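What's in coords-v4.tsv: TSV, C-alpha atoms
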```tsv
chain	number	residue	atom	x	y	z
A	27	MET	CA	16.77	-2.66	5.36
A	28	ALA	CA	18.29	-5.62	7.19
A	29	GLU	CA	20.22	-8.11	5.07
A	30	LEU	CA	17.94	-10.48	3.20
A	31	ASP	CA	17.81	-13.89	4.81
A	32	ILE	CA	16.81	-16.10	1.91
A	33	SER	CA	16.31	-19.21	4.04
A	34	LEU	CA	13.97	-17.24	6.33
A	35	ILE	CA	11.85	-16.08	3.39
A	36	GLU	CA	11.78	-19.65	2.07
A	37	GLN	CA	10.54	-20.88	5.46
A	38	VAL	CA	7.85	-18.17	5.47
A	39	LEU	CA	6.77	-19.19	1.97
A	40	SER	CA	6.52	-22.80	3.10
A	41	GLY	CA	3.97	-21.69	5.73
A	42	ASP	CA	6.17	-21.70	8.84
A	43	SER	CA	4.45	-19.29	11.25
A	44	GLU	CA	7.51	-19.09	13.55
A	45	ALA	CA	9.53	-17.94	10.55
A	46	PHE	CA	6.98	-15.20	9.92
A	47	ASN	CA	7.40	-14.03	13.52
A	48	ARG	CA	11.16	-13.87	12.97
A	49	LEU	CA	10.53	-11.88	9.79
A	50	VAL	CA	8.50	-9.39	11.84
A	51	GLN	CA	11.30	-9.19	14.42
A	52	ASN	CA	13.92	-8.56	11.72
A	53	TYR	CA	12.03	-5.92	9.76
A	54	SER	CA	9.65	-4.20	12.18
A	55	ALA	CA	12.14	-1.46	13.09
A	56	TYR	CA	12.82	-0.67	9.43
A	57	VAL	CA	9.12	-0.66	8.63
A	58	TYR	CA	8.25	1.57	11.60
A	59	ARG	CA	11.05	4.05	10.82
A	60	THR	CA	9.98	4.27	7.20
A	61	ALA	CA	6.34	4.75	8.17
A	62	PHE	CA	7.28	7.37	10.76
A	63	ALA	CA	9.46	9.21	8.25
A	64	PHE	CA	6.55	9.34	5.81
A	65	LEU	CA	3.73	10.03	8.25
A	66	HIS	CA	5.43	11.91	11.12
A	67	ASP	CA	2.96	10.53	13.60
A	68	LYS	CA	3.79	7.83	16.14
A	69	SER	CA	0.41	6.11	16.30
A	70	GLU	CA	-0.13	6.41	12.52
A	71	ALA	CA	3.30	4.83	12.00
A	72	GLU	CA	2.44	1.98	14.40
A	73	ASP	CA	-0.90	1.35	12.65
A	74	ALA	CA	0.81	1.52	9.26
A	75	SER	CA	3.44	-1.01	10.43
A	76	GLN	CA	0.70	-3.43	11.48
A	77	GLU	CA	-1.13	-2.92	8.19
A	78	ILE	CA	2.07	-3.52	6.21
A	79	PHE	CA	2.81	-6.82	7.94
A	80	LEU	CA	-0.81	-7.93	7.58
A	81	LYS	CA	-0.60	-7.24	3.85
A	82	VAL	CA	2.66	-9.16	3.69
A	83	TYR	CA	1.10	-12.06	5.63
A	84	ARG	CA	-1.89	-12.19	3.28
A	85	SER	CA	0.07	-11.94	0.02
A	86	ILE	CA	3.59	-13.33	0.57
A	87	HIS	CA	2.44	-16.77	-0.60
A	88	HIS	CA	1.90	-15.36	-4.08
A	89	LEU	CA	5.64	-14.68	-4.42
A	90	LYS	CA	7.24	-17.12	-6.81
A	91	ASP	CA	10.86	-16.11	-6.26
A	92	VAL	CA	12.37	-15.31	-2.85
A	93	HIS	CA	14.83	-12.88	-4.44
A	94	VAL	CA	12.04	-10.47	-5.38
A	95	PHE	CA	11.03	-10.19	-1.72
A	96	PRO	CA	13.01	-6.99	-0.87
A	97	ALA	CA	11.63	-5.04	-3.85
A	98	TRP	CA	8.10	-6.35	-3.25
A	99	PHE	CA	8.27	-5.64	0.48
A	100	LYS	CA	9.55	-2.11	-0.16
A	101	LYS	CA	6.67	-1.55	-2.56
A	102	VAL	CA	4.12	-2.72	0.02
A	103	ILE	CA	5.61	-0.33	2.61
A	104	THR	CA	5.59	2.59	0.19
A	105	SER	CA	2.05	1.99	-1.04
A	106	VAL	CA	0.62	1.72	2.49
A	107	CYS	CA	2.37	4.95	3.55
A	108	LEU	CA	1.35	6.84	0.40
A	109	ASP	CA	-2.25	5.66	0.75
A	110	ARG	CA	-2.35	6.82	4.37
A	111	ILE	CA	-0.93	10.21	3.39
A	112	LYS	CA	-3.63	10.55	0.74
A	113	LEU	CA	-6.36	9.33	3.07
A	114	LYS	CA	-5.51	11.40	6.10
A	115	LYS	CA	-4.20	14.39	4.17
A	116	LEU	CA	-1.24	14.44	6.53
A	117	ASP	CA	0.95	17.39	5.81
A	118	ILE	CA	3.44	19.74	7.34
A	119	VAL	CA	3.33	20.57	11.01
A	120	PRO	CA	3.19	24.33	11.60
A	121	GLU	CA	6.66	25.77	12.02
A	122	SER	CA	5.86	27.27	15.42
A	123	GLN	CA	4.89	23.83	16.72
A	124	ILE	CA	8.13	22.29	15.50
A	125	GLU	CA	10.22	24.96	17.12
A	126	SER	CA	8.46	24.54	20.42
A	127	ILE	CA	8.91	20.76	20.31
A	128	SER	CA	12.55	20.92	19.38
A	129	SER	CA	13.58	23.68	21.75
A	130	SER	CA	11.78	22.20	24.72
A	131	LEU	CA	12.93	18.61	24.36
A	132	TYR	CA	16.36	18.75	22.82
A	133	ASN	CA	18.98	21.17	23.91
A	134	PRO	CA	21.57	21.23	22.44
A	135	ARG	CA	19.79	20.28	19.24
A	136	ASP	CA	20.65	16.96	17.73
A	137	ILE	CA	21.35	17.24	14.00
A	138	ARG	CA	19.44	14.01	13.33
A	139	ILE	CA	16.34	15.41	15.04
A	140	GLU	CA	16.78	18.70	13.16
A	141	ILE	CA	16.81	16.82	9.87
A	142	ARG	CA	13.66	14.90	10.81
A	143	GLU	CA	11.94	18.15	11.69
A	144	ALA	CA	13.15	19.73	8.47
A	145	LEU	CA	11.80	16.74	6.53
A	146	ASN	CA	8.47	17.33	8.19
A	147	MET	CA	8.49	20.91	6.97
A	148	LEU	CA	8.73	19.82	3.35
A	149	SER	CA	5.47	19.40	1.46
A	150	SER	CA	4.22	15.80	1.47
A	151	GLU	CA	5.21	15.41	-2.21
A	152	GLU	CA	8.76	16.63	-1.53
A	153	ARG	CA	9.09	14.43	1.56
A	154	GLU	CA	7.86	11.36	-0.35
A	155	LEU	CA	10.50	11.89	-3.04
A	156	VAL	CA	13.37	12.49	-0.62
A	157	LEU	CA	12.46	9.40	1.40
A	158	MET	CA	11.95	7.21	-1.62
A	159	VAL	CA	15.33	8.07	-3.09
A	160	ASP	CA	17.53	8.64	-0.02
A	161	TRP	CA	16.06	6.16	2.46
A	162	GLN	CA	14.35	3.48	0.40
A	163	GLY	CA	16.87	3.54	-2.44
A	164	TYR	CA	14.44	3.63	-5.34
A	165	ASN	CA	15.83	4.78	-8.68
A	166	TYR	CA	14.12	7.60	-10.60
A	167	GLN	CA	12.41	5.28	-13.04
A	168	GLU	CA	10.83	3.28	-10.21
A	169	ILE	CA	9.66	6.46	-8.49
A	170	ALA	CA	8.11	7.72	-11.71
A	171	ALA	CA	6.23	4.43	-12.06
A	172	ILE	CA	5.03	4.36	-8.44
A	173	LEU	CA	3.93	8.01	-8.31
A	174	LYS	CA	2.69	7.95	-11.92
A	175	ILE	CA	4.54	11.12	-12.87
A	176	PRO	CA	6.97	11.75	-15.77
A	177	LEU	CA	10.67	10.94	-15.26
A	178	GLY	CA	11.65	14.54	-15.95
A	179	THR	CA	9.33	15.71	-13.18
A	180	VAL	CA	10.91	13.21	-10.77
A	181	LYS	CA	14.39	14.55	-11.58
A	182	SER	CA	13.48	18.19	-11.11
A	183	ARG	CA	11.34	17.60	-8.01
A	184	ILE	CA	13.99	15.53	-6.21
A	185	HIS	CA	16.58	18.21	-6.80
A	186	ALA	CA	14.18	20.97	-5.73
A	187	ALA	CA	13.20	19.01	-2.60
A	188	ARG	CA	16.84	18.57	-1.58
A	189	LEU	CA	17.54	22.27	-2.10
A	190	HIS	CA	14.45	23.09	-0.05
A	191	LEU	CA	15.60	20.75	2.74
A	192	LYS	CA	19.05	22.33	2.68
A	193	LYS	CA	17.50	25.79	2.87
A	194	ILE	CA	15.28	24.85	5.83
A	195	LEU	CA	18.29	23.49	7.69
A	196	SER	CA	20.47	26.50	6.94
A	197	ASP	CA	17.64	28.87	8.01
A	198	GLU	CA	17.27	27.00	11.31
A	199	THR	CA	20.96	27.24	12.26
B	27	MET	CA	29.00	22.23	-19.11
B	28	GLY	CA	27.93	25.50	-17.48
B	29	CYS	CA	27.17	26.12	-13.79
B	30	GLN	CA	23.40	26.30	-14.35
B	31	GLN	CA	23.28	22.95	-16.15
B	32	CYS	CA	25.62	21.39	-13.60
B	33	MET	CA	23.58	22.57	-10.61
B	34	GLU	CA	20.39	21.19	-12.15
B	35	ARG	CA	21.98	17.76	-12.55
B	36	ILE	CA	23.85	17.38	-9.26
B	37	SER	CA	21.10	15.25	-7.70
B	38	GLU	CA	21.06	12.97	-10.73
B	39	TYR	CA	24.84	12.65	-10.41
B	40	LEU	CA	24.61	11.78	-6.71
B	41	ASP	CA	21.85	9.23	-7.38
B	42	HIS	CA	23.86	7.55	-10.18
B	43	GLU	CA	21.25	8.49	-12.76
B	44	LEU	CA	23.70	9.96	-15.31
B	45	SER	CA	25.43	8.13	-18.14
B	46	THR	CA	29.22	7.63	-18.06
B	47	THR	CA	29.77	10.52	-20.50
B	48	GLU	CA	27.53	12.83	-18.48
B	49	CYS	CA	29.37	11.85	-15.29
B	50	HIS	CA	32.70	12.72	-16.92
B	51	ASP	CA	31.32	16.09	-18.05
B	52	ILE	CA	29.99	17.01	-14.63
B	53	GLU	CA	33.17	15.83	-12.86
B	54	ALA	CA	35.23	17.94	-15.26
B	55	HIS	CA	33.08	20.91	-14.26
B	56	PHE	CA	33.59	20.17	-10.53
B	57	GLU	CA	37.37	20.40	-11.09
B	58	GLU	CA	36.94	23.88	-12.52
B	59	CYS	CA	34.17	25.25	-10.29
B	60	SER	CA	34.49	25.20	-6.51
B	61	HIS	CA	30.94	26.60	-6.10
B	62	CYS	CA	29.31	23.60	-7.82
B	63	LEU	CA	31.72	21.21	-6.09
B	64	ASN	CA	30.70	22.63	-2.71
B	65	LEU	CA	27.01	22.27	-3.55
B	66	LYS	CA	27.62	18.67	-4.62
B	67	ASN	CA	29.44	17.92	-1.34
B	68	GLU	CA	26.73	19.62	0.72
B	69	LEU	CA	23.92	17.70	-0.97
B	70	ASN	CA	25.87	14.47	-0.67
B	71	ALA	CA	26.33	15.07	3.07
B	72	LEU	CA	22.63	15.96	3.36
B	73	CYS	CA	21.57	12.65	1.73
B	74	GLU	CA	23.79	10.72	4.12
B	75	ALA	CA	22.53	12.73	7.10
B	76	THR	CA	18.91	12.07	6.03
B	77	ARG	CA	19.59	8.33	6.04
B	78	LEU	CA	21.24	8.51	9.46
B	79	SER	CA	18.44	10.65	10.90
B	80	ILE	CA	15.80	8.12	9.84
B	81	GLU	CA	17.92	5.25	11.09
B	82	SER	CA	17.96	6.90	14.51
B	83	ILE	CA	14.15	7.15	14.81
B	84	PRO	CA	13.33	5.40	18.10
B	85	VAL	CA	11.13	2.34	17.72
B	86	PRO	CA	8.36	2.03	20.36
B	87	PRO	CA	8.90	-0.86	22.76
B	88	GLY	CA	6.54	-3.77	22.20
B	89	LEU	CA	5.90	-2.92	18.55
B	90	THR	CA	7.01	-6.35	17.34
B	91	ASP	CA	4.69	-8.07	19.85
B	92	LYS	CA	1.76	-5.89	18.76
B	93	ILE	CA	2.36	-6.80	15.12
B	94	ILE	CA	2.68	-10.51	15.92
B	95	LEU	CA	-0.57	-10.35	17.93
B	96	SER	CA	-2.39	-8.70	15.04
B	97	ILE	CA	-1.10	-11.43	12.71
B	98	GLN	CA	-2.38	-14.10	15.12
B	99	ALA	CA	-5.78	-12.39	15.24
B	100	GLU	CA	-5.77	-12.42	11.44
B	101	LYS	CA	-4.97	-16.14	11.44
B	102	GLN	CA	-7.92	-16.84	13.76
B	103	ARG	CA	-10.20	-14.70	11.62
B	104	THR	CA	-9.08	-16.52	8.47
B	105	SER	CA	-9.64	-19.89	10.12
B	106	LYS	CA	-13.16	-18.81	11.21
B	107	ASN	CA	-13.87	-17.61	7.66
B	108	GLN	CA	-12.77	-20.97	6.28
B	109	TRP	CA	-15.24	-22.77	8.57
B	110	LEU	CA	-18.01	-20.40	7.57
B	111	THR	CA	-17.15	-20.94	3.91
B	112	ALA	CA	-17.28	-24.71	4.38
B	113	ILE	CA	-20.73	-24.49	6.03
B	114	PHE	CA	-21.91	-22.06	3.34
B	115	LEU	CA	-20.77	-24.39	0.55
B	116	LEU	CA	-22.39	-27.37	2.28
B	117	LEU	CA	-25.68	-25.48	2.55
B	118	ILE	CA	-25.49	-24.49	-1.10
B	119	SER	CA	-24.68	-27.99	-2.26
B	120	SER	CA	-27.24	-29.79	-0.09
B	121	PRO	CA	-30.17	-29.24	-2.54
B	122	LEU	CA	-28.00	-30.83	-5.23
B	123	LEU	CA	-27.68	-33.95	-3.11
B	124	LEU	CA	-31.48	-34.17	-3.08
B	125	LEU	CA	-31.37	-34.70	-6.84
B	126	LEU	CA	-30.08	-38.18	-6.18
B	127	THR	CA	-33.04	-39.21	-4.04
B	128	ARG	CA	-36.31	-40.85	-5.15
B	129	ALA	CA	-38.38	-38.52	-2.97
B	130	PHE	CA	-36.96	-35.51	-4.82
B	131	THR	CA	-38.04	-36.99	-8.17
B	132	ARG	CA	-41.62	-37.17	-6.85
B	133	VAL	CA	-41.44	-33.61	-5.49
B	134	PHE	CA	-40.01	-32.43	-8.80
B	135	TYR	CA	-42.82	-34.18	-10.75
B	136	LEU	CA	-45.43	-32.60	-8.45
B	137	LEU	CA	-43.86	-29.17	-9.02
B	138	TYR	CA	-43.90	-29.82	-12.77
B	139	VAL	CA	-47.61	-30.73	-12.72
B	140	ILE	CA	-48.49	-27.64	-10.65
B	141	GLY	CA	-46.32	-25.42	-12.88
B	142	ALA	CA	-47.94	-26.82	-16.05
B	143	ALA	CA	-51.45	-26.22	-14.60
B	144	ILE	CA	-50.56	-22.62	-13.69
B	145	TRP	CA	-49.05	-22.04	-17.14
B	146	ARG	CA	-52.20	-23.39	-18.92
B	147	SER	CA	-54.45	-21.21	-16.72
B	148	LEU	CA	-52.28	-18.19	-17.50
B	149	ILE	CA	-52.44	-18.79	-21.26
B	150	THR	CA	-56.24	-19.14	-21.07
B	151	LEU	CA	-56.50	-15.96	-19.03
B	152	LEU	CA	-54.23	-13.99	-21.35
B	153	SER	CA	-56.15	-15.06	-24.46
B	154	ALA	CA	-59.33	-13.65	-22.85
B	155	VAL	CA	-57.91	-10.15	-22.15
B	156	SER	CA	-56.93	-7.36	-24.61
B	157	PRO	CA	-53.44	-7.19	-26.24
B	158	TRP	CA	-52.88	-3.79	-24.56
B	159	PHE	CA	-53.22	-5.39	-21.17
B	160	ILE	CA	-50.63	-8.04	-22.13
B	161	LEU	CA	-48.27	-5.34	-23.42
B	162	SER	CA	-48.52	-3.28	-20.22
B	163	LEU	CA	-48.00	-6.46	-18.17
B	164	GLY	CA	-44.80	-7.15	-20.18
B	165	ILE	CA	-43.51	-3.59	-19.64
B	166	PHE	CA	-44.31	-3.84	-15.93
B	167	SER	CA	-42.36	-7.12	-15.71
B	168	VAL	CA	-39.32	-5.57	-17.43
B	169	ILE	CA	-39.40	-2.62	-14.97
B	170	VAL	CA	-39.62	-5.03	-12.01
B	171	VAL	CA	-36.64	-7.05	-13.32
B	172	ILE	CA	-34.50	-3.91	-13.87
B	173	THR	CA	-35.37	-2.48	-10.44
B	174	SER	CA	-34.64	-5.78	-8.71
B	175	THR	CA	-31.28	-6.09	-10.46
B	176	PHE	CA	-30.38	-2.54	-9.41
B	177	VAL	CA	-31.39	-3.15	-5.78
B	178	ILE	CA	-29.50	-6.45	-5.58
B	179	LYS	CA	-26.40	-4.84	-7.08
B	180	LYS	CA	-26.61	-2.06	-4.48
B	181	LEU	CA	-27.01	-4.57	-1.67
B	182	ILE	CA	-23.97	-6.65	-2.62
B	183	HIS	CA	-21.85	-3.64	-3.60
B	184	ASP	CA	-19.59	-3.78	-0.48
B	185	PHE	CA	-19.80	-7.52	0.04
B	186	GLN	CA	-16.28	-8.95	0.28
B	187	LEU	CA	-16.62	-12.15	-1.73
B	188	ASN	CA	-12.88	-12.75	-1.69
B	189	GLU	CA	-12.94	-12.91	2.11
B	190	VAL	CA	-15.74	-15.47	2.13
B	191	PHE	CA	-13.93	-17.69	-0.33
B	192	GLN	CA	-10.49	-17.16	1.21
```
Let me see the structure of the file written as structure tokens.
Amino acid sequence: MAELDISLIEQVLSGDSEAFNRLVQNYSAYVYRTAFAFLHDKSEAEDASQEIFLKVYRSIHHLKDVHVFPAWFKKVITSVCLDRIKLKKLDIVPESQIESISSSLYNPRDIRIEIREALNMLSSEERELVLMVDWQGYNYQEIAAILKIPLGTVKSRIHAARLHLKKILSDET
Amino acid sequence: MGCQQCMERISEYLDHELSTTECHDIEAHFEECSHCLNLKNELNALCEATRLSIESIPVPPGLTDKIILSIQAEKQRTSKNQWLTAIFLLLISSPLLLLLTRAFTRVFYLLYVIGAAIWRSLITLLSAVSPWFILSLGIFSVIVVITSTFVIKKLIHDFQLNEVFQ
């Protein structure tokens, strides 16, 4: 996430609509990338980004301390993405489809694209955990609270998800 | 610490979820075991590569403008809702303003006289009929009240009160 601009958040909290537009400019890329990583669908990620900023617009005035903004914002992003996953039952793209996409568009294969495809081949639960810890920077306790699962389960599932991701990547090469 | 235990805790080590003592234990094992050390390095590289791969996701052009437009539409909608709320509240409160007028006092007195006449007629009527009829009338009234409550609850089930009073 881009560096927190406290004065910008303060301006947004004071009701400055131009400041809110600047907030959108600063964070829209991060929000879209996170949504895309979770949902693996361009239009879903765009819709999710709009929904996230609308939620922020509606509720940011309830924030009492500007310093809690990053954690709160991250939570809004995560909850919108997780809700959409639940709602749409988005899950893995068939392997054959991934191979055809990757081989037709990217040659030689870009490792970053390979990782994104491999992430998409994880189950939605595994992908959520990997993204929450590696991309969003949540700690295990926070993940357990958000997903409402025991801490021990978080530990074992994150490790299993990483091993699965590693295996997918090593099988592809 | 054995290899099995170490391998199970590598992710926790990489995510800084282990205590200082546990970190020392696992690092001591890495010095002795190249297999576990390699796995740790591989997973560490994978975490970094995952971050980089997401950071490189291309953002569609015009996304920011789309979001800003949707926010503006929201603002207009909110402003419209506030007007509607103001009109709604005015309509609700207007009968209360009537309380202050002399004409309303006369209307109220007239209603009271009519109500009292109806009530007296009802009492006279009820005293002429059998108690069983009165009982069944009472039960019927209770059923009507329950049914009406249920229907009204159903009707307002999806009504977004918070949006009206925003």
Counting only C-alpha atoms, chain B residues within 8 Å of chain A, as a compact mmCIF listing (two decimals) with C-alpha atoms, in the coordinates of the input:
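The result, written out as part-v8.txt:
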```txt
# COMPACT_ATOMS: atom_id res chain seq x y z
CA GLU B 34 20.39 21.19 -12.15
CA ARG B 35 21.98 17.76 -12.55
CA ILE B 36 23.85 17.38 -9.26
CA SER B 37 21.10 15.25 -7.70
CA GLU B 38 21.06 12.97 -10.73
CA ASP B 41 21.85 9.23 -7.38
CA GLU B 43 21.25 8.49 -12.76
CA LEU B 69 23.92 17.70 -0.97
CA LEU B 72 22.63 15.96 3.36
CA CYS B 73 21.57 12.65 1.73
CA GLU B 74 23.79 10.72 4.12
CA ALA B 75 22.53 12.73 7.10
CA THR B 76 18.91 12.07 6.03
CA ARG B 77 19.59 8.33 6.04
CA LEU B 78 21.24 8.51 9.46
CA SER B 79 18.44 10.65 10.90
CA ILE B 80 15.80 8.12 9.84
CA GLU B 81 17.92 5.25 11.09
CA SER B 82 17.96 6.90 14.51
CA ILE B 83 14.15 7.15 14.81
CA PRO B 84 13.33 5.40 18.10
CA VAL B 85 11.13 2.34 17.72
CA LEU B 89 5.90 -2.92 18.55
CA THR B 90 7.01 -6.35 17.34
CA LYS B 92 1.76 -5.89 18.76
CA ILE B 93 2.36 -6.80 15.12
CA ILE B 94 2.68 -10.51 15.92
CA SER B 96 -2.39 -8.70 15.04
CA ILE B 97 -1.10 -11.43 12.71
CA GLU B 100 -5.77 -12.42 11.44
```
Which is closest to His55 in chain B among B:Gln31, B:Ser167, B:Ser119, B:Thr173, if we use all atoms listed in the file? B:Gln31
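Interatomic distance, CA of Arg128 in chain B to CA of Ala143 in chain B: 23.1 Å.
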Between CA of Leu65 in chain A and CA of Arg153 in chain A, what is the spacing in Å?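 According to the coordinates, CA of Arg153 in chain A and CA of Leu65 in chain A are separated by 9.6 Å.
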Emit as lines of an AutoDock Vina configuration file the padded axis-aligned box for all listed atoms of range 133-139 of chain B, 3 Å per side, with centre and edge lengths in Å to one decimal.
```
center_x = -43.8
center_y = -31.7
center_z = -9.1
size_x = 13.6
size_y = 11.0
size_z = 13.3
```
I'd like the interatomic distance between CA of Glu68 in chain B and CA of Thr179 in chain A, to a tenth of an Å.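 These two atoms are separated by 22.6 Å.
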Range 67-76 of chain A written out with all heavy atoms as a PDB file, in the first residue's frame:
```pdb
ATOM      1  N   ASP A  67     -10.593 -11.946 -11.787  1.00  0.00           N
ATOM      2  CA  ASP A  67     -11.538 -11.592 -12.839  1.00  0.00           C
ATOM      3  C   ASP A  67     -11.502 -10.068 -12.964  1.00  0.00           C
ATOM      4  O   ASP A  67     -11.725  -9.356 -11.977  1.00  0.00           O
ATOM      5  CB  ASP A  67     -12.947 -12.077 -12.448  1.00  0.00           C
ATOM      6  CG  ASP A  67     -13.977 -11.793 -13.521  1.00  0.00           C
ATOM      7  OD1 ASP A  67     -14.312 -10.603 -13.724  1.00  0.00           O
ATOM      8  OD2 ASP A  67     -14.440 -12.750 -14.141  1.00  0.00           O
ATOM      9  N   LYS A  68     -11.206  -9.610 -14.185  1.00  0.00           N
ATOM     10  CA  LYS A  68     -10.981  -8.177 -14.391  1.00  0.00           C
ATOM     11  C   LYS A  68     -12.215  -7.340 -14.014  1.00  0.00           C
ATOM     12  O   LYS A  68     -12.107  -6.369 -13.266  1.00  0.00           O
ATOM     13  CB  LYS A  68     -10.609  -7.940 -15.859  1.00  0.00           C
ATOM     14  CG  LYS A  68      -9.908  -6.645 -16.105  1.00  0.00           C
ATOM     15  CD  LYS A  68      -9.594  -6.484 -17.574  1.00  0.00           C
ATOM     16  CE  LYS A  68      -9.513  -4.985 -17.891  1.00  0.00           C
ATOM     17  NZ  LYS A  68      -9.432  -4.682 -19.300  1.00  0.00           N
ATOM     18  N   SER A  69     -13.385  -7.744 -14.552  1.00  0.00           N
ATOM     19  CA  SER A  69     -14.557  -6.900 -14.301  1.00  0.00           C
ATOM     20  C   SER A  69     -15.018  -7.007 -12.847  1.00  0.00           C
ATOM     21  O   SER A  69     -15.472  -6.020 -12.247  1.00  0.00           O
ATOM     22  CB  SER A  69     -15.684  -7.229 -15.278  1.00  0.00           C
ATOM     23  OG  SER A  69     -16.331  -8.382 -14.891  1.00  0.00           O
ATOM     24  N   GLU A  70     -14.869  -8.220 -12.265  1.00  0.00           N
ATOM     25  CA  GLU A  70     -15.201  -8.386 -10.832  1.00  0.00           C
ATOM     26  C   GLU A  70     -14.293  -7.491  -9.989  1.00  0.00           C
ATOM     27  O   GLU A  70     -14.751  -6.873  -9.028  1.00  0.00           O
ATOM     28  CB  GLU A  70     -14.975  -9.841 -10.412  1.00  0.00           C
ATOM     29  CG  GLU A  70     -16.174 -10.734 -10.567  1.00  0.00           C
ATOM     30  CD  GLU A  70     -17.233 -10.507  -9.498  1.00  0.00           C
ATOM     31  OE1 GLU A  70     -16.886 -10.190  -8.369  1.00  0.00           O
ATOM     32  OE2 GLU A  70     -18.411 -10.637  -9.838  1.00  0.00           O
ATOM     33  N   ALA A  71     -13.005  -7.450 -10.374  1.00  0.00           N
ATOM     34  CA  ALA A  71     -12.045  -6.649  -9.605  1.00  0.00           C
ATOM     35  C   ALA A  71     -12.377  -5.161  -9.725  1.00  0.00           C
ATOM     36  O   ALA A  71     -12.271  -4.411  -8.750  1.00  0.00           O
ATOM     37  CB  ALA A  71     -10.628  -6.924 -10.082  1.00  0.00           C
ATOM     38  N   GLU A  72     -12.806  -4.736 -10.921  1.00  0.00           N
ATOM     39  CA  GLU A  72     -13.189  -3.324 -11.108  1.00  0.00           C
ATOM     40  C   GLU A  72     -14.412  -2.987 -10.262  1.00  0.00           C
ATOM     41  O   GLU A  72     -14.457  -1.962  -9.582  1.00  0.00           O
ATOM     42  CB  GLU A  72     -13.505  -3.040 -12.581  1.00  0.00           C
ATOM     43  CG  GLU A  72     -12.258  -2.813 -13.402  1.00  0.00           C
ATOM     44  CD  GLU A  72     -12.559  -2.230 -14.777  1.00  0.00           C
ATOM     45  OE1 GLU A  72     -13.437  -1.353 -14.869  1.00  0.00           O
ATOM     46  OE2 GLU A  72     -11.928  -2.673 -15.746  1.00  0.00           O
ATOM     47  N   ASP A  73     -15.424  -3.882 -10.322  1.00  0.00           N
ATOM     48  CA  ASP A  73     -16.642  -3.657  -9.527  1.00  0.00           C
ATOM     49  C   ASP A  73     -16.310  -3.634  -8.037  1.00  0.00           C
ATOM     50  O   ASP A  73     -16.825  -2.801  -7.287  1.00  0.00           O
ATOM     51  CB  ASP A  73     -17.675  -4.770  -9.784  1.00  0.00           C
ATOM     52  CG  ASP A  73     -18.262  -4.666 -11.186  1.00  0.00           C
ATOM     53  OD1 ASP A  73     -18.029  -3.640 -11.842  1.00  0.00           O
ATOM     54  OD2 ASP A  73     -18.929  -5.620 -11.617  1.00  0.00           O
ATOM     55  N   ALA A  74     -15.446  -4.568  -7.634  1.00  0.00           N
ATOM     56  CA  ALA A  74     -15.067  -4.641  -6.213  1.00  0.00           C
ATOM     57  C   ALA A  74     -14.351  -3.354  -5.810  1.00  0.00           C
ATOM     58  O   ALA A  74     -14.598  -2.824  -4.720  1.00  0.00           O
ATOM     59  CB  ALA A  74     -14.179  -5.848  -5.966  1.00  0.00           C
ATOM     60  N   SER A  75     -13.487  -2.827  -6.694  1.00  0.00           N
ATOM     61  CA  SER A  75     -12.762  -1.584  -6.370  1.00  0.00           C
ATOM     62  C   SER A  75     -13.753  -0.441  -6.148  1.00  0.00           C
ATOM     63  O   SER A  75     -13.604   0.339  -5.201  1.00  0.00           O
ATOM     64  CB  SER A  75     -11.810  -1.200  -7.508  1.00  0.00           C
ATOM     65  OG  SER A  75     -10.959  -2.263  -7.808  1.00  0.00           O
ATOM     66  N   GLN A  76     -14.755  -0.357  -7.035  1.00  0.00           N
ATOM     67  CA  GLN A  76     -15.760   0.699  -6.869  1.00  0.00           C
ATOM     68  C   GLN A  76     -16.512   0.524  -5.550  1.00  0.00           C
ATOM     69  O   GLN A  76     -16.733   1.486  -4.815  1.00  0.00           O
ATOM     70  CB  GLN A  76     -16.772   0.652  -8.017  1.00  0.00           C
ATOM     71  CG  GLN A  76     -16.176   1.173  -9.309  1.00  0.00           C
ATOM     72  CD  GLN A  76     -17.226   1.377 -10.388  1.00  0.00           C
ATOM     73  OE1 GLN A  76     -18.407   1.348 -10.118  1.00  0.00           O
ATOM     74  NE2 GLN A  76     -16.784   1.576 -11.613  1.00  0.00           N
TER      75      GLN A  76
END
```
